[in-house]
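A.B. asks: Here you go, run.txt (compact mmCIF, C-alpha atoms):
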```txt
# COMPACT_ATOMS: atom_id res chain seq x y z
CA MET A 1 77.35 -33.30 174.93
CA SER A 2 74.84 -31.00 173.27
CA VAL A 3 73.65 -27.43 173.58
CA LYS A 4 70.28 -27.37 175.32
CA ASN A 5 67.79 -24.80 174.00
CA ASN A 6 70.70 -22.47 173.30
CA LYS A 7 70.66 -21.32 176.95
CA LEU A 8 73.28 -23.05 179.03
CA LYS A 9 73.26 -23.69 182.75
CA VAL A 10 76.28 -21.90 184.19
CA GLY A 11 77.32 -23.28 187.57
CA ILE A 12 79.07 -20.77 189.82
CA SER A 13 81.11 -21.49 192.94
CA ILE A 14 81.47 -18.49 195.25
CA GLY A 15 85.07 -18.82 196.40
CA ASP A 16 85.99 -17.29 199.76
CA PRO A 17 83.03 -15.13 200.90
CA ASN A 18 85.47 -12.91 202.82
CA GLY A 19 87.00 -11.87 199.50
CA ILE A 20 85.46 -10.21 196.44
CA GLY A 21 83.96 -13.35 194.89
CA ILE A 22 80.30 -12.84 195.72
CA GLU A 23 80.57 -9.11 194.95
CA VAL A 24 81.80 -9.69 191.39
CA ILE A 25 79.24 -12.47 190.88
CA LEU A 26 76.35 -10.21 191.89
CA LYS A 27 77.65 -7.24 189.94
CA THR A 28 77.88 -9.43 186.85
CA LEU A 29 74.30 -10.65 187.28
CA GLN A 30 72.69 -7.32 188.18
CA ASN A 31 71.97 -6.60 184.51
CA LYS A 32 68.69 -8.47 183.92
CA GLU A 33 69.36 -8.73 180.20
CA ILE A 34 72.28 -11.06 180.93
CA LEU A 35 69.77 -13.76 181.87
CA ASP A 36 68.72 -13.91 178.21
CA PHE A 37 72.04 -15.63 177.46
CA PHE A 38 72.34 -18.26 180.19
CA THR A 39 70.83 -19.63 183.40
CA PRO A 40 73.06 -18.92 186.42
CA ILE A 41 73.17 -21.44 189.26
CA ILE A 42 75.10 -20.25 192.32
CA PHE A 43 76.18 -22.85 194.88
CA ALA A 44 75.88 -21.10 198.24
CA SER A 45 72.85 -20.13 200.37
CA THR A 46 70.15 -17.53 199.91
CA LYS A 47 71.01 -16.07 203.34
CA LEU A 48 74.63 -15.45 202.41
CA ILE A 49 73.83 -14.07 198.96
CA SER A 50 71.09 -11.82 200.38
CA HIS A 51 73.44 -10.55 203.10
CA GLN A 52 76.12 -9.50 200.62
CA LYS A 53 73.54 -8.14 198.18
CA ASN A 54 72.42 -5.76 200.92
CA ILE A 55 75.97 -4.81 201.89
CA PHE A 56 76.73 -3.71 198.33
CA GLY A 57 73.36 -2.07 197.75
CA LEU A 58 72.48 -4.23 194.77
CA ASN A 59 68.76 -3.94 195.36
CA SER A 60 67.79 -4.63 191.75
CA ILE A 61 68.91 -8.26 192.04
CA TYR A 62 66.32 -10.96 192.72
CA PHE A 63 67.15 -14.63 193.04
CA GLN A 64 65.39 -17.94 193.37
CA GLY A 65 66.29 -20.37 196.17
CA ILE A 66 66.43 -24.03 195.13
CA PHE A 67 67.66 -27.24 196.73
CA LYS A 68 69.27 -28.92 193.74
CA PRO A 69 70.56 -27.59 190.41
CA GLU A 70 67.99 -29.59 188.43
CA GLU A 71 65.33 -27.24 189.86
CA ALA A 72 66.89 -24.17 188.24
CA ILE A 73 64.44 -21.82 186.54
CA PRO A 74 65.48 -20.15 183.26
CA GLY A 75 65.36 -16.36 183.45
CA LYS A 76 66.12 -16.40 187.18
CA ILE A 77 69.26 -16.18 189.28
CA ASN A 78 69.18 -19.56 191.02
CA VAL A 79 70.88 -20.17 194.36
CA VAL A 80 71.33 -23.77 195.51
CA ASN A 81 70.97 -23.78 199.30
CA LEU A 82 73.88 -25.81 200.62
CA TRP A 83 73.41 -24.81 204.28
CA LYS A 84 70.75 -23.18 206.47
CA ASP A 85 72.83 -21.39 209.10
CA ASN A 86 73.74 -17.72 209.06
CA ILE A 87 77.30 -16.99 208.02
CA SER A 88 79.65 -14.60 209.76
CA VAL A 89 81.31 -12.62 206.96
CA GLN A 90 84.62 -11.00 207.93
CA PHE A 91 85.90 -9.21 204.88
CA GLY A 92 89.65 -8.98 204.44
CA SER A 93 91.01 -12.36 205.53
CA PRO A 94 90.06 -16.02 205.43
CA THR A 95 88.55 -17.80 208.42
CA ASN A 96 87.83 -21.46 209.08
CA GLU A 97 84.17 -20.78 208.37
CA SER A 98 84.75 -18.91 205.11
CA THR A 99 87.17 -21.58 203.90
CA LYS A 100 84.73 -24.40 204.67
CA ILE A 101 82.09 -22.52 202.69
CA ALA A 102 84.45 -22.04 199.74
CA LYS A 103 85.22 -25.76 199.72
CA ALA A 104 81.56 -26.80 200.07
CA SER A 105 80.55 -24.53 197.19
CA LEU A 106 83.28 -25.89 194.91
CA LEU A 107 82.55 -29.54 195.71
CA ALA A 108 78.82 -29.10 195.12
CA ALA A 109 79.42 -27.31 191.82
CA LEU A 110 81.82 -30.00 190.62
CA ASN A 111 79.36 -32.73 191.57
CA ALA A 112 76.67 -30.98 189.53
CA LEU A 113 79.09 -30.71 186.60
CA LYS A 114 79.87 -34.42 186.76
CA GLN A 115 76.15 -35.23 186.73
CA ASP A 116 75.43 -32.88 183.78
CA ALA A 117 73.16 -30.78 186.00
CA ILE A 118 75.17 -27.77 184.82
CA ASP A 119 76.87 -27.29 181.48
CA VAL A 120 79.94 -25.24 182.47
CA LEU A 121 81.67 -24.25 185.70
CA VAL A 122 82.87 -20.74 186.55
CA THR A 123 84.71 -20.41 189.85
CA ALA A 124 85.25 -17.33 192.01
CA PRO A 125 88.66 -17.03 193.73
CA ILE A 126 89.70 -19.21 196.65
CA ASN A 127 92.55 -18.80 199.12
CA ARG A 128 94.80 -21.75 198.36
CA GLU A 129 96.78 -21.55 201.61
CA ALA A 130 93.63 -21.46 203.74
CA MET A 131 92.07 -24.29 201.72
CA GLN A 132 95.00 -26.50 202.68
CA THR A 133 93.71 -26.41 206.26
CA GLN A 134 90.49 -28.02 205.03
CA GLY A 135 92.22 -30.93 203.32
CA PHE A 136 92.24 -29.23 199.92
CA ASN A 137 95.76 -30.28 198.96
CA TYR A 138 95.94 -28.61 195.56
CA PHE A 139 97.60 -25.51 194.16
CA GLY A 140 94.28 -24.30 192.76
CA HIS A 141 91.22 -25.15 190.72
CA THR A 142 93.23 -26.62 187.84
CA ASP A 143 95.04 -29.23 189.95
CA PHE A 144 91.82 -29.98 191.80
CA LEU A 145 89.85 -30.64 188.62
CA GLU A 146 92.62 -32.80 187.19
CA ASN A 147 92.59 -34.97 190.31
CA GLN A 148 88.81 -35.21 190.62
CA LEU A 149 88.25 -36.01 186.95
CA GLY A 150 91.33 -38.19 186.45
CA GLU A 151 92.33 -36.13 183.42
CA LYS A 152 95.25 -33.96 182.37
CA SER A 153 94.62 -30.31 181.67
CA LEU A 154 96.26 -27.34 180.02
CA LEU A 155 96.00 -24.00 181.81
CA LEU A 156 95.39 -21.28 179.25
CA LEU A 157 95.31 -17.58 180.07
CA LYS A 158 93.30 -15.66 177.51
CA ASN A 159 91.79 -12.40 176.46
CA ASN A 160 90.55 -11.41 173.03
CA ASP A 161 93.93 -11.46 171.26
CA LEU A 162 96.36 -13.09 173.69
CA LYS A 163 96.51 -16.74 174.76
CA ILE A 164 99.32 -18.12 176.94
CA ALA A 165 99.84 -21.73 178.05
CA PHE A 166 102.68 -23.18 180.11
CA ALA A 167 105.25 -25.96 180.00
CA THR A 168 105.44 -25.81 183.82
CA PHE A 169 103.31 -23.75 186.17
CA ASN A 170 103.18 -23.81 189.98
CA LEU A 171 106.82 -24.68 190.60
CA PRO A 172 109.64 -22.95 192.49
CA ILE A 173 111.84 -21.26 189.90
CA SER A 174 114.77 -23.45 190.98
CA LYS A 175 112.82 -26.57 189.97
CA VAL A 176 111.84 -25.42 186.47
CA PRO A 177 115.03 -26.42 184.56
CA GLU A 178 115.07 -29.94 185.97
CA MET A 179 111.40 -30.45 185.08
CA LEU A 180 111.80 -29.42 181.46
CA SER A 181 112.36 -32.07 178.83
CA LYS A 182 111.85 -32.42 175.10
CA GLU A 183 108.93 -34.78 175.64
CA LEU A 184 107.20 -32.47 178.11
CA ILE A 185 107.47 -29.48 175.77
CA LYS A 186 106.24 -31.55 172.80
CA LYS A 187 103.31 -32.74 174.89
CA GLN A 188 102.34 -29.19 175.86
CA ILE A 189 102.70 -27.93 172.29
CA LYS A 190 100.39 -30.69 171.09
CA ALA A 191 97.92 -30.03 173.93
CA LEU A 192 97.83 -26.36 173.05
CA HIS A 193 97.41 -27.16 169.35
CA THR A 194 94.45 -29.44 170.14
CA THR A 195 92.79 -26.89 172.42
CA LEU A 196 93.08 -24.11 169.85
CA ILE A 197 91.45 -26.27 167.18
CA GLN A 198 88.55 -27.78 169.10
CA ASP A 199 87.79 -25.01 171.60
CA PHE A 200 88.64 -21.86 169.63
CA CYS A 201 87.92 -22.94 166.02
CA ILE A 202 91.42 -22.07 164.80
CA GLU A 203 92.02 -24.41 161.88
CA ARG A 204 95.84 -24.22 161.66
CA PRO A 205 97.04 -22.44 164.79
CA LYS A 206 100.45 -20.77 164.92
CA ILE A 207 102.18 -21.31 168.24
CA ALA A 208 105.13 -19.30 169.57
CA VAL A 209 107.38 -21.08 172.06
CA LEU A 210 109.43 -18.98 174.47
CA GLY A 211 112.94 -19.81 175.58
CA LEU A 212 113.85 -20.42 179.20
CA ASN A 213 117.00 -18.36 179.53
CA PRO A 214 117.75 -14.68 178.80
CA HIS A 215 117.93 -14.10 175.03
CA ALA A 216 116.67 -17.68 174.55
CA GLY A 217 120.06 -18.99 175.67
CA ASP A 218 122.06 -16.99 173.10
CA HIS A 219 123.18 -20.19 171.31
CA GLY A 220 124.32 -21.83 174.53
CA LEU A 221 126.15 -18.88 176.06
CA LEU A 222 123.42 -18.36 178.68
CA GLY A 223 122.19 -21.91 179.12
CA ASN A 224 121.66 -25.11 177.17
CA GLU A 225 117.96 -25.81 177.73
CA GLU A 226 117.05 -24.23 174.41
CA LEU A 227 119.57 -26.38 172.51
CA ASN A 228 118.87 -29.58 174.41
CA TYR A 229 115.09 -29.51 174.88
CA ILE A 230 113.17 -26.58 173.48
CA GLU A 231 114.52 -26.35 169.91
CA PRO A 232 114.27 -30.12 169.29
CA ALA A 233 110.70 -30.15 170.65
CA ILE A 234 109.71 -27.31 168.33
CA LYS A 235 111.34 -28.98 165.32
CA GLU A 236 109.75 -32.38 165.93
CA SER A 237 106.34 -30.76 166.49
CA PHE A 238 106.69 -28.79 163.27
CA ASP A 239 107.74 -31.88 161.36
CA ARG A 240 104.54 -33.57 162.50
CA GLY A 241 102.31 -30.81 161.18
CA ILE A 242 102.04 -28.38 164.10
CA LEU A 243 102.96 -24.79 163.28
CA ALA A 244 105.26 -24.22 166.25
CA PHE A 245 108.00 -21.60 166.10
CA GLY A 246 110.81 -20.36 168.34
CA PRO A 247 112.30 -20.33 170.83
CA TYR A 248 111.77 -16.61 171.29
CA SER A 249 113.39 -14.37 173.87
CA ALA A 250 110.68 -13.48 176.40
CA ASP A 251 112.04 -10.01 177.11
CA SER A 252 111.31 -8.74 173.60
CA PHE A 253 108.39 -10.94 172.57
CA PHE A 254 105.44 -9.19 174.20
CA THR A 255 104.99 -6.26 171.89
CA PRO A 256 101.66 -6.12 170.01
CA THR A 257 103.21 -6.52 166.57
CA VAL A 258 105.04 -9.68 167.65
CA TYR A 259 102.64 -11.62 169.88
CA SER A 260 99.62 -10.77 167.72
CA SER A 261 101.28 -12.67 164.87
CA PHE A 262 100.57 -15.92 166.72
CA ASP A 263 97.42 -17.65 167.89
CA ALA A 264 98.96 -18.70 171.20
CA ILE A 265 102.18 -18.76 173.20
CA LEU A 266 103.81 -21.49 175.24
CA ALA A 267 105.74 -20.07 178.20
CA MET A 268 108.22 -22.14 180.14
CA TYR A 269 107.19 -21.15 183.66
CA HIS A 270 104.67 -19.21 185.77
CA ASP A 271 106.01 -15.66 185.89
CA GLN A 272 107.27 -15.71 182.31
CA GLY A 273 103.65 -15.88 181.17
CA LEU A 274 101.74 -14.31 184.06
CA ILE A 275 103.64 -11.02 184.26
CA PRO A 276 103.07 -9.95 180.65
CA PHE A 277 99.53 -11.36 180.62
CA LYS A 278 98.37 -9.46 183.70
CA THR A 279 100.13 -6.32 182.49
CA LEU A 280 98.43 -6.45 179.11
CA SER A 281 94.98 -7.77 180.04
CA TYR A 282 94.33 -7.70 183.76
CA GLU A 283 90.75 -6.37 183.60
CA TYR A 284 89.47 -8.83 181.01
CA GLY A 285 91.84 -11.73 181.53
CA VAL A 286 90.42 -15.22 182.04
CA ASN A 287 91.94 -18.51 183.14
CA TYR A 288 90.65 -21.44 181.08
CA THR A 289 91.31 -25.05 182.05
CA GLY A 290 91.72 -26.62 178.63
CA GLY A 291 92.08 -30.29 177.82
CA LEU A 292 89.36 -31.55 180.16
CA SER A 293 86.11 -33.22 179.20
CA VAL A 294 84.32 -30.34 180.97
CA ILE A 295 84.51 -26.56 180.59
CA HIS A 296 85.92 -24.49 183.46
CA THR A 297 86.90 -20.83 183.56
CA GLU A 298 87.77 -18.36 186.30
CA PRO A 299 88.68 -14.67 186.53
CA ASN A 300 92.35 -13.77 186.35
CA HIS A 301 92.51 -12.35 189.86
CA GLY A 302 92.51 -13.56 193.43
CA THR A 303 90.40 -12.97 196.52
CA ALA A 304 91.57 -9.32 196.71
CA TYR A 305 91.14 -9.12 200.48
CA SER A 306 92.58 -5.60 200.51
CA ILE A 307 89.45 -4.21 198.81
CA ALA A 308 86.88 -6.80 199.95
CA GLY A 309 83.68 -5.34 201.36
CA GLN A 310 84.30 -1.85 199.95
CA GLY A 311 82.05 -2.26 196.92
CA ILE A 312 84.79 -1.28 194.46
CA ALA A 313 85.68 -4.68 192.95
CA ASP A 314 85.62 -4.74 189.15
CA PRO A 315 83.49 -7.59 187.74
CA LYS A 316 84.82 -7.44 184.16
CA SER A 317 87.08 -10.48 184.44
CA PHE A 318 84.36 -12.61 186.07
CA GLU A 319 81.78 -11.56 183.47
CA GLN A 320 84.24 -12.40 180.71
CA ALA A 321 84.90 -15.80 182.31
CA ILE A 322 81.19 -16.62 182.05
CA PHE A 323 80.86 -15.63 178.41
CA ASP A 324 84.11 -17.37 177.50
CA ALA A 325 82.86 -20.60 179.10
CA ILE A 326 79.64 -20.40 177.08
CA LYS A 327 81.45 -19.67 173.83
CA ILE A 328 84.00 -22.45 174.33
CA TYR A 329 81.24 -24.94 175.17
CA LYS A 330 79.38 -24.14 171.96
CA THR A 331 82.54 -24.11 169.84
CA ARG A 332 83.61 -27.51 171.13
CA ASN A 333 80.18 -28.97 170.45
CA GLU A 334 80.20 -27.60 166.92
CA TYR A 335 83.65 -29.13 166.41
CA ILE A 336 82.49 -32.52 167.72
CA ASP A 337 79.35 -32.45 165.56
CA LEU A 338 81.32 -31.46 162.45
CA LYS A 339 83.88 -34.19 163.01
CA SER A 340 81.16 -36.77 163.62
CA ASN A 341 79.33 -35.76 160.45
CA MET A 342 82.52 -35.97 158.39
CA LEU A 343 83.28 -39.46 159.68
CA GLN A 344 79.69 -40.59 159.12
CA LYS A 345 79.69 -39.23 155.55
CA ALA A 346 82.99 -40.95 154.81
CA LYS A 347 81.60 -44.22 156.15
CA ILE A 348 78.50 -43.98 153.98
CA GLU A 349 80.53 -43.16 150.88
CA GLY A 350 83.04 -45.90 151.60
CA ILE A 351 85.95 -43.49 151.96
CA ASP A 352 88.80 -44.56 154.21
CA ILE A 353 89.69 -41.71 156.55
CA SER A 354 92.80 -42.47 158.57
CA VAL A 355 93.15 -40.15 161.51
CA ASP A 356 96.74 -39.00 161.96
CA GLU A 357 97.99 -39.61 165.50
CA ASP A 358 98.79 -35.92 165.87
CA LEU A 359 95.32 -34.69 164.96
CA PRO A 360 93.13 -34.01 168.00
CA GLU A 361 90.54 -36.54 169.00
CA GLU A 362 87.59 -35.58 171.18
CA GLY A 363 88.90 -34.92 174.68
CA GLU A 364 92.43 -35.91 173.67
CA LEU A 365 95.50 -34.10 174.87
```
Turn this file's structure into structure tokens for me.

C.D. replies:
Amino acid sequence: MSVKNNKLKVGISIGDPNGIGIEVILKTLQNKEILDFFTPIIFASTKLISHQKNIFGLNSIYFQGIFKPEEAIPGKINVVNLWKDNISVQFGSPTNESTKIAKASLLAALNALKQDAIDVLVTAPINREAMQTQGFNYFGHTDFLENQLGEKSLLLLKNNDLKIAFATFNLPISKVPEMLSKELIKKQIKALHTTLIQDFCIERPKIAVLGLNPHAGDHGLLGNEELNYIEPAIKESFDRGILAFGPYSADSFFTPTVYSSFDAILAMYHDQGLIPFKTLSYEYGVNYTGGLSVIHTEPNHGTAYSIAGQGIADPKSFEQAIFDAIKIYKTRNEYIDLKSNMLQKAKIEGIDISVDEDLPEEGEL
């Protein structure tokens, strides 16, 4: 993996065209100066993109139709034509047609990513329930990428000063306690530690681990998960060189003076992390799929059918997702190059470098 001419190819899937996906994509790309930083490649059709461009009055946008991502032209907005037919856009709810388009766009973008025809993937929102009708049997992009790549990932929500990962994610709340274990929490702590080092250039990251129960169990009065699983996982991780601390009570943790003392947070379940994250950073929040051999980001919002077609969707989160993907890609490459150079220098000088099993290897989680 290497940075090519310092201008990466950013592959973009459009999500459900009946939502706000294409609107936020086009609003992000309407500033011509943005093309100085990367080459966008949208997987859709020029007819569909032109149709929505006209709806939203984004007349300053010009794009180049191509048939495969390898034909992308730097300095242009490139649209890979996946179909020729006109599309019936019905803002506000998914249809069979819009869902098929969302799936086709995502599959084409992933195929390009696998073939190194694009460097990073940024996905616009899909409707997970509607996608199920098209044989897309995943909870979202993260599960889909794990399955297609045969790799395990770590979902990380991020903005400039807040990063939250999860021990469990898309589970009914009743299932969370039975899924937790010391080994699972240790695994997620280590995965987060690795991601922070190789993708965010944080040399010795400090990780806060939240408790499961109110007041972090209150020494067993309000539950034993902290005593049985979470505290031992934190201690064993710390003993092996990872700066993990906690468990902290979630109800009092998310004040700026507390959470800003840590590089990242491990929440125990979906709402424990999502509610404070969206409250604190909804406009600029980004979902990053860490731990994979590829780079994938997405905005921290859904299809927003309630405002689709009105021209009022805010593109900040999508724009941030693009620039985060680029930055993470470059940071990881710098990390890999630095590590390779250190190992090569040690080999030349005859120095024996033994890699500790808890230090991150390339692509390891």

A.B. asks: If you count all atoms listed in the file, which residues fall within 6 Å of stretch 208-220 of chain A, apart from same-chain ones fewer than 4 positions away, as a short mmCIF file (atom, residue, chain, number, x, y, z; two decimals) with C-alpha atoms, in the frame of the given file?

C.D. replies:
```cif
data_model
loop_
_atom_site.label_atom_id
_atom_site.label_comp_id
_atom_site.auth_asym_id
_atom_site.auth_seq_id
_atom_site.Cartn_x
_atom_site.Cartn_y
_atom_site.Cartn_z
CA ASN A 224 121.66 -25.11 177.17
CA ALA A 244 105.26 -24.22 166.25
CA PHE A 245 108.00 -21.60 166.10
CA GLY A 246 110.81 -20.36 168.34
CA PRO A 247 112.30 -20.33 170.83
CA TYR A 248 111.77 -16.61 171.29
CA SER A 249 113.39 -14.37 173.87
CA ALA A 250 110.68 -13.48 176.40
CA ILE A 265 102.18 -18.76 173.20
CA LEU A 266 103.81 -21.49 175.24
CA ALA A 267 105.74 -20.07 178.20
CA MET A 268 108.22 -22.14 180.14
#
```

A.B. asks: Find, counting all atoms listed in the file, the residue in A:Lys278, A:Gly290, A:Ile25, A:Lys68 that gets nearest to A:Gln115.

C.D. replies: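 Ranked by minimum distance to A:Gln115, first place goes to A:Lys68.
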
A.B. asks: Env of stretch 122-139 of chain A: 9 Å cut, atoms = only C-alpha atoms, seq-sep filter 4 positions within chain, self excluded. Answer as a PDB file with C-alpha atoms, keeping the file's coordinate frame.

C.D. replies:
```pdb
ATOM      1  CA  VAL A  10      76.280 -21.900 184.190  1.00  0.00           C
ATOM      2  CA  GLY A  11      77.320 -23.280 187.570  1.00  0.00           C
ATOM      3  CA  ILE A  12      79.070 -20.770 189.820  1.00  0.00           C
ATOM      4  CA  SER A  13      81.110 -21.490 192.940  1.00  0.00           C
ATOM      5  CA  ILE A  14      81.470 -18.490 195.250  1.00  0.00           C
ATOM      6  CA  GLY A  15      85.070 -18.820 196.400  1.00  0.00           C
ATOM      7  CA  ASP A  16      85.990 -17.290 199.760  1.00  0.00           C
ATOM      8  CA  PRO A  17      83.030 -15.130 200.900  1.00  0.00           C
ATOM      9  CA  GLY A  19      87.000 -11.870 199.500  1.00  0.00           C
ATOM     10  CA  ILE A  20      85.460 -10.210 196.440  1.00  0.00           C
ATOM     11  CA  GLY A  21      83.960 -13.350 194.890  1.00  0.00           C
ATOM     12  CA  ILE A  22      80.300 -12.840 195.720  1.00  0.00           C
ATOM     13  CA  VAL A  24      81.800  -9.690 191.390  1.00  0.00           C
ATOM     14  CA  ILE A  25      79.240 -12.470 190.880  1.00  0.00           C
ATOM     15  CA  PRO A  94      90.060 -16.020 205.430  1.00  0.00           C
ATOM     16  CA  THR A  95      88.550 -17.800 208.420  1.00  0.00           C
ATOM     17  CA  ASN A  96      87.830 -21.460 209.080  1.00  0.00           C
ATOM     18  CA  THR A  99      87.170 -21.580 203.900  1.00  0.00           C
ATOM     19  CA  LYS A 100      84.730 -24.400 204.670  1.00  0.00           C
ATOM     20  CA  ALA A 102      84.450 -22.040 199.740  1.00  0.00           C
ATOM     21  CA  LYS A 103      85.220 -25.760 199.720  1.00  0.00           C
ATOM     22  CA  LEU A 106      83.280 -25.890 194.910  1.00  0.00           C
ATOM     23  CA  ALA A 109      79.420 -27.310 191.820  1.00  0.00           C
ATOM     24  CA  ASP A 143      95.040 -29.230 189.950  1.00  0.00           C
ATOM     25  CA  PHE A 144      91.820 -29.980 191.800  1.00  0.00           C
ATOM     26  CA  ASN A 147      92.590 -34.970 190.310  1.00  0.00           C
ATOM     27  CA  ASN A 170     103.180 -23.810 189.980  1.00  0.00           C
ATOM     28  CA  ILE A 295      84.510 -26.560 180.590  1.00  0.00           C
ATOM     29  CA  HIS A 296      85.920 -24.490 183.460  1.00  0.00           C
ATOM     30  CA  THR A 297      86.900 -20.830 183.560  1.00  0.00           C
ATOM     31  CA  GLU A 298      87.770 -18.360 186.300  1.00  0.00           C
ATOM     32  CA  PRO A 299      88.680 -14.670 186.530  1.00  0.00           C
ATOM     33  CA  ASN A 300      92.350 -13.770 186.350  1.00  0.00           C
ATOM     34  CA  HIS A 301      92.510 -12.350 189.860  1.00  0.00           C
ATOM     35  CA  GLY A 302      92.510 -13.560 193.430  1.00  0.00           C
ATOM     36  CA  THR A 303      90.400 -12.970 196.520  1.00  0.00           C
ATOM     37  CA  ALA A 304      91.570  -9.320 196.710  1.00  0.00           C
ATOM     38  CA  PHE A 318      84.360 -12.610 186.070  1.00  0.00           C
ATOM     39  CA  ALA A 321      84.900 -15.800 182.310  1.00  0.00           C
ATOM     40  CA  ILE A 322      81.190 -16.620 182.050  1.00  0.00           C
ATOM     41  CA  ALA A 325      82.860 -20.600 179.100  1.00  0.00           C
TER      42      ALA A 325
END
```

A.B. asks: Atom CA of A:Gln320 and atom CA of A:Lys9, how far apart in Å?

C.D. replies: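 These atoms are spaced 15.9 Å apart.
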
A.B. asks: My list of candidates is A:Ser105, A:Thr168, A:Ser60, A:Thr289. Which is closest to A:Ile328 when distances are computed with all atoms listed in the file?

C.D. replies: A:Thr289

A.B. asks: Could you check how far atom CA of A:Thr279 sits from atom CA of A:Lys163, in Å to one decimal?

C.D. replies: 13.5 Å

A.B. asks: Separation of atom CA of A:Phe200 and atom CA of A:Lys152, in Å?

C.D. replies: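 One can read the atom CA of A:Phe200 to atom CA of A:Lys152 distance as 18.8 Å.
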
A.B. asks: Sort by chain and increasing residue number a table of all residues of stretch 209-296 of chain A within 7 Å of stretch 172-186 of chain A, each with its closest pair of atoms and their distance in Å to one decimal, counting only C-alpha atoms, and write it as a tab-separated table.

C.D. replies:
```
residue	atom	partner	partner_atom	distance
A:Tyr229	CA	A:Lys182	CA	4.4
A:Ile230	CA	A:Lys182	CA	6.2
A:Pro232	CA	A:Lys182	CA	6.7
A:Ala233	CA	A:Lys182	CA	5.1
A:Ser237	CA	A:Lys186	CA	6.4
A:Tyr269	CA	A:Val176	CA	6.9
```

A.B. asks: Output the selection as a PDB file, in the frame of the given file - C-alpha atoms for each residue.

C.D. replies:
```pdb
ATOM      1  CA  TYR A 229     115.090 -29.510 174.880  1.00  0.00           C
ATOM      2  CA  ILE A 230     113.170 -26.580 173.480  1.00  0.00           C
ATOM      3  CA  PRO A 232     114.270 -30.120 169.290  1.00  0.00           C
ATOM      4  CA  ALA A 233     110.700 -30.150 170.650  1.00  0.00           C
ATOM      5  CA  SER A 237     106.340 -30.760 166.490  1.00  0.00           C
ATOM      6  CA  TYR A 269     107.190 -21.150 183.660  1.00  0.00           C
TER       7      TYR A 269
END
```

A.B. asks: Counting all atoms listed in the file, what is within 9 Å of A:Asn31, bar same-chain residues fewer than 3 positions away, as a list in words?

C.D. replies: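 Contacts, with the query itself left out: Lys27, Thr28, Ile34, Leu35, Ser60 and Ile61 of chain A.
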
A.B. asks: May I ask which of the residues A:Ile41, A:Leu227, A:Val79, A:Leu196 is the closest one to A:Leu113, counting only C-alpha atoms?

C.D. replies: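 Closest candidate: A:Ile41.
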
A.B. asks: Quick one: everything within 6 Å of A:Ala308, counting all atoms listed in the file, minus sequence neighbours fewer than 2 positions away in the same chain. Send it as a PyMOL selection string.

C.D. replies: chain A and resi 19-20+91-92+305-306+310

A.B. asks: Using all atoms listed in the file, pick whichever of A:Asn333, A:Asn78, A:Ser88, A:Gln64 has the shortest atom-to-atom distance to A:Thr39.

C.D. replies: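 For A:Thr39, the nearest of the given residues is A:Asn78.
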